[in-house]
file start-v1.cif (mmCIF, C-alpha atoms)
data_structure
#
loop_
_atom_site.label_atom_id
_atom_site.label_comp_id
_atom_site.auth_asym_id
_atom_site.auth_seq_id
_atom_site.Cartn_x
_atom_site.Cartn_y
_atom_site.Cartn_z
CA MET A 159 -25.09 44.26 -72.59
CA SER A 160 -22.68 44.45 -69.72
CA LEU A 161 -20.08 41.81 -69.02
CA LYS A 162 -19.09 41.00 -65.44
CA ALA A 163 -15.48 40.48 -64.64
CA PRO A 164 -14.61 37.01 -63.38
CA PRO A 165 -14.13 36.83 -59.64
CA SER A 166 -10.63 37.34 -58.42
CA PRO A 167 -8.84 34.53 -56.55
CA ALA A 168 -9.23 36.49 -53.33
CA ASP A 169 -13.03 36.58 -53.79
CA ALA A 170 -13.35 33.02 -55.02
CA GLY A 171 -13.75 31.57 -51.53
CA ARG A 172 -16.23 34.20 -50.35
CA GLY A 173 -19.91 33.50 -50.10
CA ARG A 174 -22.83 35.85 -50.44
CA GLY A 175 -22.23 39.25 -48.95
CA GLY A 176 -18.48 38.79 -49.21
CA ARG A 177 -18.29 36.69 -46.07
CA THR A 178 -15.94 33.73 -45.91
CA PRO A 179 -17.81 30.52 -44.98
CA ARG A 180 -16.60 28.59 -41.95
CA PRO A 181 -14.51 25.55 -42.80
CA VAL A 182 -16.31 22.28 -42.36
CA SER A 183 -14.87 20.31 -39.45
CA ARG A 184 -13.48 17.01 -40.51
CA ARG A 185 -13.20 15.66 -36.98
CA SER A 186 -15.47 12.72 -36.42
CA GLY A 187 -17.64 12.32 -33.35
CA LEU A 188 -15.19 9.77 -31.96
CA ALA A 189 -12.28 12.18 -32.30
CA ARG A 190 -14.18 14.85 -30.40
CA LEU A 191 -14.23 12.57 -27.37
CA GLY A 192 -10.45 12.83 -27.13
CA PRO A 193 -8.81 10.14 -25.00
CA LEU A 194 -12.10 9.10 -23.37
CA PRO A 195 -12.65 5.99 -25.58
CA TRP A 196 -9.17 4.74 -24.62
CA ILE A 197 -9.48 5.27 -20.87
CA ALA A 198 -13.15 4.29 -20.64
CA PRO A 199 -12.38 0.59 -19.96
CA VAL A 200 -10.05 1.60 -17.11
CA ILE A 201 -12.68 3.93 -15.65
CA LEU A 202 -15.30 1.19 -15.83
CA LEU A 203 -12.92 -1.26 -14.20
CA ILE A 204 -12.22 1.18 -11.34
CA LEU A 205 -15.94 1.78 -10.86
CA PHE A 206 -16.61 -1.95 -10.78
CA VAL A 207 -13.65 -3.07 -8.65
CA VAL A 208 -13.24 -0.10 -6.28
CA VAL A 209 -16.21 2.27 -6.18
CA TRP A 210 -19.04 -0.24 -6.32
CA PRO A 211 -17.69 -2.47 -3.49
CA VAL A 212 -17.22 0.60 -1.27
CA VAL A 213 -20.77 1.77 -1.94
CA GLU A 214 -22.12 -1.73 -1.31
CA LEU A 215 -20.06 -2.01 1.87
CA ILE A 216 -21.44 1.24 3.25
CA ARG A 217 -24.98 0.16 2.35
CA THR A 218 -24.48 -3.19 4.08
CA SER A 219 -23.31 -1.51 7.28
CA PHE A 220 -26.78 0.03 7.67
CA LEU A 221 -28.64 -3.27 7.22
CA ASN A 222 -29.73 -5.96 9.62
CA ILE A 223 -28.36 -9.19 8.09
CA SER A 224 -28.60 -12.67 9.54
CA ILE A 225 -25.62 -15.02 9.73
CA SER A 226 -27.04 -16.90 6.74
CA GLY A 227 -26.95 -13.68 4.71
CA LYS A 228 -30.66 -12.87 4.71
CA VAL A 229 -31.49 -9.15 4.88
CA ARG A 230 -34.00 -8.41 7.62
CA GLY A 231 -34.44 -4.71 6.98
CA SER A 232 -32.67 -1.52 7.90
CA ALA A 233 -30.60 -1.27 11.07
CA GLY A 234 -29.91 2.45 10.89
CA THR A 235 -26.78 3.33 12.83
CA ASP A 236 -27.24 0.50 15.34
CA LYS A 237 -24.31 -1.49 13.91
CA TYR A 238 -21.97 1.45 14.38
CA LYS A 239 -23.21 1.98 17.93
CA LYS A 240 -22.65 -1.69 18.67
CA LEU A 241 -19.18 -1.54 17.14
CA PHE A 242 -18.02 1.43 19.19
CA GLU A 243 -19.34 -0.23 22.35
CA GLU A 244 -17.02 -3.22 21.84
CA THR A 245 -14.62 -3.32 24.78
CA ASP A 246 -11.72 -4.61 22.66
CA LEU A 247 -12.04 -2.02 19.88
CA GLY A 248 -9.79 0.60 21.47
CA ALA A 249 -6.88 -1.77 22.06
CA VAL A 250 -7.27 -3.22 18.57
CA LEU A 251 -7.09 0.23 16.95
CA VAL A 252 -4.03 1.19 19.01
CA TRP A 253 -2.21 -1.99 18.03
CA THR A 254 -3.22 -1.48 14.39
CA VAL A 255 -1.56 1.94 14.34
CA ILE A 256 1.54 0.60 16.15
CA TRP A 257 1.72 -2.38 13.79
CA THR A 258 1.48 -0.17 10.71
CA ILE A 259 3.99 2.46 11.82
CA VAL A 260 6.61 -0.01 13.10
CA VAL A 261 6.45 -2.30 10.05
CA VAL A 262 6.50 0.55 7.52
CA ALA A 263 9.33 2.38 9.32
CA CYS A 264 11.52 -0.74 9.59
CA THR A 265 10.75 -1.71 6.00
CA MET A 266 11.74 1.69 4.64
CA LEU A 267 14.98 1.90 6.65
CA ILE A 268 16.16 -1.62 5.79
CA SER A 269 15.10 -1.24 2.15
CA LEU A 270 16.99 2.04 1.90
CA ALA A 271 20.16 0.33 3.13
CA LEU A 272 19.66 -2.63 0.77
CA ALA A 273 18.98 -0.32 -2.18
CA GLN A 274 22.20 1.55 -1.45
CA LEU A 275 24.06 -1.76 -1.30
CA PHE A 276 22.59 -3.11 -4.54
CA ASN A 277 23.35 0.17 -6.27
CA GLN A 278 27.08 -0.51 -5.77
CA LYS A 279 29.21 -2.84 -7.84
CA PHE A 280 30.41 -5.91 -5.97
CA PRO A 281 30.95 -9.61 -6.75
CA GLY A 282 27.72 -11.58 -6.71
CA ARG A 283 25.48 -8.52 -6.98
CA THR A 284 23.23 -10.16 -9.58
CA VAL A 285 22.75 -13.27 -7.44
CA THR A 286 21.87 -11.27 -4.34
CA ARG A 287 19.44 -9.13 -6.31
CA TRP A 288 17.66 -12.24 -7.54
CA ALA A 289 17.70 -13.75 -4.04
CA LEU A 290 15.83 -10.74 -2.68
CA ILE A 291 12.91 -11.53 -4.99
CA ALA A 292 12.25 -14.84 -3.19
CA PRO A 293 10.08 -13.40 -0.36
CA TRP A 294 8.13 -11.47 -2.99
CA ALA A 295 7.68 -14.45 -5.30
CA ALA A 296 6.46 -16.72 -2.51
CA SER A 297 2.91 -16.51 -1.22
CA VAL A 298 2.54 -14.33 1.88
CA LEU A 299 0.37 -17.00 3.45
CA MET A 300 2.94 -19.69 2.71
CA THR A 301 5.70 -17.54 4.22
CA ALA A 302 3.66 -16.90 7.36
CA ILE A 303 2.90 -20.62 7.77
CA GLY A 304 6.60 -21.41 7.33
CA PHE A 305 7.52 -19.02 10.13
CA LYS A 306 4.73 -20.47 12.29
CA TRP A 307 6.24 -23.94 11.92
CA MET A 308 9.67 -22.56 12.72
CA LEU A 309 8.31 -20.98 15.93
CA ASN A 310 6.30 -24.03 16.98
CA GLN A 311 6.72 -24.79 20.67
CA THR A 312 7.23 -28.53 20.35
CA ALA A 313 8.76 -29.12 16.92
CA GLY A 314 9.96 -25.67 15.89
CA VAL A 315 13.52 -25.35 14.68
CA LEU A 316 14.05 -22.13 16.63
CA ASN A 317 13.44 -23.76 20.00
CA THR A 318 15.58 -26.74 19.02
CA VAL A 319 18.54 -24.59 18.03
CA MET A 320 18.27 -22.28 21.05
CA MET A 321 18.06 -25.21 23.46
CA ASP A 322 21.06 -26.90 21.82
CA LEU A 323 23.02 -23.67 22.26
CA GLY A 324 21.94 -23.34 25.88
CA LEU A 325 20.14 -20.05 25.29
CA ILE A 326 16.86 -21.29 26.80
CA ASP A 327 16.09 -24.02 29.33
CA LYS A 328 12.73 -25.11 27.92
CA PRO A 329 10.76 -24.59 24.69
CA GLU A 330 9.11 -21.17 24.40
CA ASP A 331 5.61 -20.61 23.05
CA TRP A 332 6.64 -17.68 20.87
CA LEU A 333 3.17 -17.16 19.40
CA GLY A 334 1.23 -17.94 22.57
CA THR A 335 1.48 -14.49 24.13
CA ALA A 336 1.14 -11.04 22.62
CA SER A 337 4.47 -9.82 23.99
CA THR A 338 6.43 -12.30 21.87
CA ALA A 339 3.96 -12.81 19.02
CA TRP A 340 3.82 -9.16 17.94
CA PRO A 341 7.60 -8.80 17.31
CA TRP A 342 7.69 -12.01 15.29
CA MET A 343 4.66 -11.05 13.18
CA MET A 344 6.19 -7.62 12.57
CA ALA A 345 9.44 -9.28 11.50
CA VAL A 346 7.56 -11.45 8.99
CA ALA A 347 5.66 -8.42 7.67
CA VAL A 348 8.93 -6.55 7.16
CA PHE A 349 10.47 -9.62 5.51
CA VAL A 350 7.74 -9.90 2.86
CA SER A 351 7.67 -6.12 2.27
CA LEU A 352 11.41 -5.71 1.61
CA PRO A 353 11.61 -6.85 -2.05
CA PHE A 354 9.10 -4.40 -3.53
CA THR A 355 10.31 -1.48 -1.41
CA THR A 356 13.99 -2.16 -2.08
CA TYR A 357 13.51 -2.33 -5.83
CA THR A 358 11.39 0.83 -5.78
CA LEU A 359 14.17 2.73 -4.01
CA LEU A 360 16.83 1.10 -6.19
CA ALA A 361 15.00 2.32 -9.29
CA GLY A 362 14.98 5.80 -7.77
CA LEU A 363 18.71 5.67 -7.05
CA GLN A 364 19.51 4.64 -10.61
CA THR A 365 17.72 7.69 -12.01
CA ILE A 366 20.14 10.06 -10.24
CA PRO A 367 22.69 11.28 -12.83
CA GLY A 368 26.32 10.44 -12.13
CA GLU A 369 27.30 13.98 -13.12
CA VAL A 370 25.61 15.28 -9.97
CA TYR A 371 27.87 13.17 -7.75
CA GLU A 372 30.92 14.18 -9.82
CA ALA A 373 30.08 17.85 -9.32
CA SER A 374 29.65 17.22 -5.59
CA ARG A 375 33.10 15.63 -5.35
CA ILE A 376 34.65 18.53 -7.23
CA ASP A 377 33.04 20.95 -4.76
CA GLY A 378 34.65 19.02 -1.93
CA ALA A 379 31.48 17.61 -0.37
CA GLY A 380 31.92 14.62 1.91
CA THR A 381 30.05 11.30 1.70
CA TRP A 382 27.44 12.22 4.29
CA GLN A 383 26.90 15.70 2.82
CA THR A 384 26.44 14.21 -0.65
CA TYR A 385 23.99 11.63 0.65
CA ARG A 386 22.02 14.17 2.67
CA HIS A 387 21.86 17.01 0.15
CA ILE A 388 21.80 15.09 -3.14
CA THR A 389 20.79 11.45 -2.77
CA LEU A 390 17.91 11.80 -0.30
CA PRO A 391 16.23 14.81 -1.98
CA MET A 392 16.43 13.21 -5.43
CA LEU A 393 15.20 9.90 -4.00
CA ARG A 394 12.16 11.58 -2.44
CA PRO A 395 9.57 10.64 -5.14
CA ALA A 396 10.47 6.93 -4.99
CA PHE A 397 10.55 7.06 -1.18
CA LEU A 398 7.07 8.60 -1.02
CA ILE A 399 5.69 5.92 -3.34
CA GLY A 400 7.21 3.20 -1.18
CA VAL A 401 5.78 4.63 2.04
CA VAL A 402 2.26 5.17 0.69
CA ILE A 403 1.99 1.69 -0.84
CA ASN A 404 3.41 0.08 2.29
CA LEU A 405 1.01 2.03 4.51
CA ILE A 406 -1.93 0.65 2.56
CA ASN A 407 -0.58 -2.91 2.32
CA VAL A 408 0.55 -3.23 5.94
CA PHE A 409 -2.63 -1.70 7.35
CA ASN A 410 -4.72 -4.14 5.31
CA SER A 411 -2.43 -7.09 6.03
CA PHE A 412 -4.46 -10.13 7.01
CA PRO A 413 -2.74 -13.43 6.01
CA ILE A 414 0.32 -12.98 8.26
CA ILE A 415 -1.63 -12.44 11.48
CA TRP A 416 -4.34 -14.94 10.69
CA ALA A 417 -1.90 -17.69 9.72
CA MET A 418 0.36 -17.21 12.73
CA THR A 419 -2.01 -16.44 15.64
CA GLN A 420 -5.51 -15.91 14.22
CA GLY A 421 -5.52 -12.73 16.28
CA GLY A 422 -5.42 -14.62 19.57
CA PRO A 423 -5.39 -15.28 22.35
CA GLY A 424 -8.68 -13.42 22.32
CA TYR A 425 -8.01 -10.19 20.43
CA ASP A 426 -4.53 -9.66 21.87
CA THR A 427 -2.78 -9.94 18.47
CA SER A 428 -5.60 -8.65 16.30
CA THR A 429 -5.44 -5.67 14.00
CA SER A 430 -8.61 -3.99 12.80
CA MET A 431 -8.66 -6.25 9.71
CA VAL A 432 -8.59 -9.42 11.82
CA PHE A 433 -11.10 -7.88 14.22
CA MET A 434 -13.40 -7.18 11.30
CA TYR A 435 -13.06 -10.75 10.04
CA LYS A 436 -13.93 -12.19 13.45
CA LEU A 437 -17.01 -9.98 13.77
CA LYS A 438 -18.57 -11.53 10.69
CA GLU A 439 -19.04 -14.78 12.63
CA THR A 440 -21.59 -13.09 14.88
CA ASP A 441 -22.84 -9.99 13.03
CA ILE A 442 -22.30 -9.28 9.34
CA GLY A 443 -23.62 -5.74 9.62
CA GLU A 444 -21.19 -4.89 12.43
CA SER A 445 -18.37 -6.43 10.42
CA ALA A 446 -19.32 -4.21 7.48
CA ALA A 447 -19.31 -1.19 9.81
CA MET A 448 -15.79 -2.15 10.92
CA SER A 449 -14.78 -2.35 7.25
CA VAL A 450 -16.01 1.20 6.70
CA VAL A 451 -14.01 2.35 9.73
CA ASN A 452 -10.94 0.55 8.34
CA PHE A 453 -11.34 2.27 4.99
CA LEU A 454 -11.57 5.68 6.65
CA LEU A 455 -8.59 4.95 8.90
CA VAL A 456 -6.26 4.01 6.06
CA VAL A 457 -7.32 7.10 4.12
CA VAL A 458 -6.61 9.26 7.18
CA LEU A 459 -3.19 7.64 7.70
CA VAL A 460 -2.20 8.24 4.07
CA LEU A 461 -3.44 11.84 4.14
CA ILE A 462 -1.55 12.55 7.37
CA PHE A 463 1.64 11.18 5.88
CA LEU A 464 1.21 13.19 2.67
CA LYS A 465 0.55 16.32 4.71
CA VAL A 466 3.59 15.80 6.92
CA SER A 467 5.86 14.87 4.01
CA ARG A 468 4.67 17.85 1.89
CA TRP A 469 4.65 15.54 -1.13
CA ASN A 470 3.53 18.23 -3.61
CA GLU A 471 6.16 20.77 -2.63
CA GLU A 472 9.49 21.09 -4.39
CA ASP A 473 12.67 21.25 -2.35
#
call {"tool": "encode", "arguments": {"input": "start-v1.cif", "output": "structure tokens"}}
result
Amino acid sequence: MSLKAPPSPADAGRGRGGRTPRPVSRRSGLARLGPLPWIAPVILLILFVVVWPVVELIRTSFLNISISGKVRGSAGTDKYKKLFEETDLGAVLVWTVIWTIVVVACTMLISLALAQLFNQKFPGRTVTRWALIAPWAASVLMTAIGFKWMLNQTAGVLNTVMMDLGLIDKPEDWLGTASTAWPWMMAVAVFVSLPFTTYTLLAGLQTIPGEVYEASRIDGAGTWQTYRHITLPMLRPAFLIGVVINLINVFNSFPIIWAMTQGGPGYDTSTSMVFMYKLKETDIGESAAMSVVNFLLVVVLVLIFLKVSRWNEED
């Protein structure tokens, strides 16, 4: 009778044939999904709020829809052909680009100056910071209506003050012609865009370490050299965010123009958003086609800016 030696500790975990069995995974099926369960609600929200409306908009632009909203079948590309045959479309698109570039450029320059000011210590800084929030806290529509009343030809405070000062001989219809309406609407658009942009740039300025400026002073760099070679490059991420968000917001701006001039007279003060809104009164399908064009235009503008700014390249 032969006695077998007990297995050694090294062989205790081995299976048949001396092979070590694979450890049983303790990760549950939920854990294998990683972060997907946590971000799934956000993904569903994006699909519902962003993707689905875009798909539905594109589908609508190829349909023949009555003013009452009844679908009368497919229209093919007829709505796009009709849109591009509109005599006012070219001027509207040109003014849309001018409107967007001028408002965004002025907003960024003024906000940069305000952010630099608010980044300094001076008496009353807290009060002025809070005061800047007022245009942001107020409704854009309410602000536009307030400026419209101020510019009113008969009862507007601007005409009253200018006539009392002898600057004009008779009341001016500031919003009656495109030549005077556009500058005022651009001024209002800049006014309501300043708070967000200024605080975005101010947040960027406050992330710049003070040691960097101290080292610059020790090296003998002047104020302009420090600002150009230290402040602006380190402020670049915040600046890019401000420009991109303002490009999208200003391009899609509707309440300011509609409240002040309703795009008139005619289409003289209309951007593509106002033009699209007016088209729905006569042809919903053509209005949907204009919406698709607007979506593509804002994407192109943002991509051009990102390409020119080289946003993904390090200095």
call {"tool": "atom_distance", "arguments": {"input": "start-v1.cif", "atom1": "CA of Gly314 (chain A)", "atom2": "CA of Pro329 (chain A)"}}
result
8.9 Å
call {"tool": "closest_residue", "arguments": {"input": "start-v1.cif", "among": "A:Phe349, A:Tyr238, A:Trp307, A:Tyr385", "to": "Leu333 (chain A)", "atoms": "all atoms listed in the file"}}
result
A:Trp307
call {"tool": "resolve_selection", "arguments": {"input": "start-v1.cif", "expression": "the PyMOL selection byres ((chain A and resi 388) around 12)", "output": "list in words"}}
result
Leu363, Ile366, Pro367, Gly368, Glu369, Val370, Tyr371, Glu372, Ala373, Ser374, Arg375, Ala379, Gly380, Thr381, Trp382, Gln383, Thr384, Tyr385, Arg386, His387, Thr389, Leu390, Pro391, Met392, Leu393, Arg394 and Asp473 of chain A
call {"tool": "resolve_selection", "arguments": {"input": "start-v1.cif", "expression": "the PyMOL selection byres ((chain A and resi 436-442) around 10)", "output": "short mmCIF file (atom, residue, chain, number, x, y, z; two decimals) with C-alpha atoms, keeping the file's coordinate frame"}}
result
data_model
loop_
_atom_site.label_atom_id
_atom_site.label_comp_id
_atom_site.auth_asym_id
_atom_site.auth_seq_id
_atom_site.Cartn_x
_atom_site.Cartn_y
_atom_site.Cartn_z
CA THR A 218 -24.48 -3.19 4.08
CA SER A 219 -23.31 -1.51 7.28
CA LEU A 221 -28.64 -3.27 7.22
CA ASN A 222 -29.73 -5.96 9.62
CA ILE A 223 -28.36 -9.19 8.09
CA SER A 224 -28.60 -12.67 9.54
CA ILE A 225 -25.62 -15.02 9.73
CA SER A 226 -27.04 -16.90 6.74
CA GLY A 227 -26.95 -13.68 4.71
CA LYS A 237 -24.31 -1.49 13.91
CA LEU A 241 -19.18 -1.54 17.14
CA GLN A 420 -5.51 -15.91 14.22
CA GLY A 421 -5.52 -12.73 16.28
CA TYR A 425 -8.01 -10.19 20.43
CA SER A 428 -5.60 -8.65 16.30
CA SER A 430 -8.61 -3.99 12.80
CA MET A 431 -8.66 -6.25 9.71
CA VAL A 432 -8.59 -9.42 11.82
CA PHE A 433 -11.10 -7.88 14.22
CA MET A 434 -13.40 -7.18 11.30
CA TYR A 435 -13.06 -10.75 10.04
CA GLY A 443 -23.62 -5.74 9.62
CA GLU A 444 -21.19 -4.89 12.43
CA SER A 445 -18.37 -6.43 10.42
CA ALA A 446 -19.32 -4.21 7.48
CA ALA A 447 -19.31 -1.19 9.81
CA MET A 448 -15.79 -2.15 10.92
#
call {"tool": "atom_distance", "arguments": {"input": "start-v1.cif", "atom1": "CA of Ala296 (chain A)", "atom2": "CA of Met343 (chain A)"}}
result
16.8 Å
call {"tool": "axis_aligned_box", "arguments": {"input": "start-v1.cif", "around": "region 267-275 of chain A", "padding_each_side": "8 Å", "output": "AutoDock Vina command-line options"}}
result
--center_x 19.5 --center_y -0.3 --center_z 2.2 --size_x 25.1 --size_y 20.7 --size_z 24.8
call {"tool": "resolve_selection", "arguments": {"input": "start-v1.cif", "expression": "the PyMOL selection byres ((chain A and resi 418) around 8)", "output": "PyMOL selection string"}}
result
chain A and resi 302-303+305-306+333+343+414-417+419-420
call {"tool": "atom_distance", "arguments": {"input": "start-v1.cif", "atom1": "CA of Phe354 (chain A)", "atom2": "CA of Val200 (chain A)"}}
result
24.2 Å
call {"tool": "residues_around", "arguments": {"input": "start-v1.cif", "residues": "Gly362 (chain A)", "least_positions_apart": "3", "cutoff": "6 Å", "atoms": "all atoms listed in the file", "output": "PyMOL selection string"}}
result
chain A and resi 359+365+393+396
call {"tool": "residues_around", "arguments": {"input": "start-v1.cif", "residues": "region 260-270 of chain A", "least_positions_apart": "3", "cutoff": "7 Å", "atoms": "only C-alpha atoms", "output": "VMD selection string"}}
result
chain A and resid 256 to 257 273 to 274 344 347 to 348 351 to 352 355 to 356 359 401 404 to 405
call {"tool": "residues_around", "arguments": {"input": "start-v1.cif", "residues": "Met320 (chain A)", "least_positions_apart": "4", "cutoff": "12 Å", "atoms": "all atoms listed in the file", "output": "list in words"}}
result
Met308, Leu309, Gln311, Gly314, Val315, Leu316, Gly324, Leu325, Ile326, Asp327, Lys328, Pro329 and Glu330 of chain A
call {"tool": "closest_residue", "arguments": {"input": "start-v1.cif", "among": "A:Gly248, A:Gly282, A:Gly231, A:Pro413", "to": "Val350 (chain A)", "atoms": "only C-alpha atoms"}}
result
A:Pro413
call {"tool": "closest_residue", "arguments": {"input": "start-v1.cif", "among": "A:Ile376, A:Leu455, A:Val466, A:Leu461", "to": "Val252 (chain A)", "atoms": "only C-alpha atoms"}}
result
A:Leu455
call {"tool": "residues_around", "arguments": {"input": "start-v1.cif", "residues": "Ile406 (chain A)", "least_positions_apart": "5", "cutoff": "9 Å", "atoms": "all atoms listed in the file", "output": "list in words"}}
result
Thr258, Val401, Ser411, Val456, Val457, Leu459 and Val460 of chain A
call {"tool": "closest_residue", "arguments": {"input": "start-v1.cif", "among": "A:Ser449, A:Thr335, A:Thr245, A:Asn277", "to": "Arg217 (chain A)", "atoms": "all atoms listed in the file"}}
result
A:Ser449
call {"tool": "residues_around", "arguments": {"input": "start-v1.cif", "residues": "Val250 (chain A)", "least_positions_apart": "3", "cutoff": "6 Å", "atoms": "all atoms listed in the file", "output": "list in words"}}
result
Leu247, Trp253, Thr429 and Ser430 of chain A
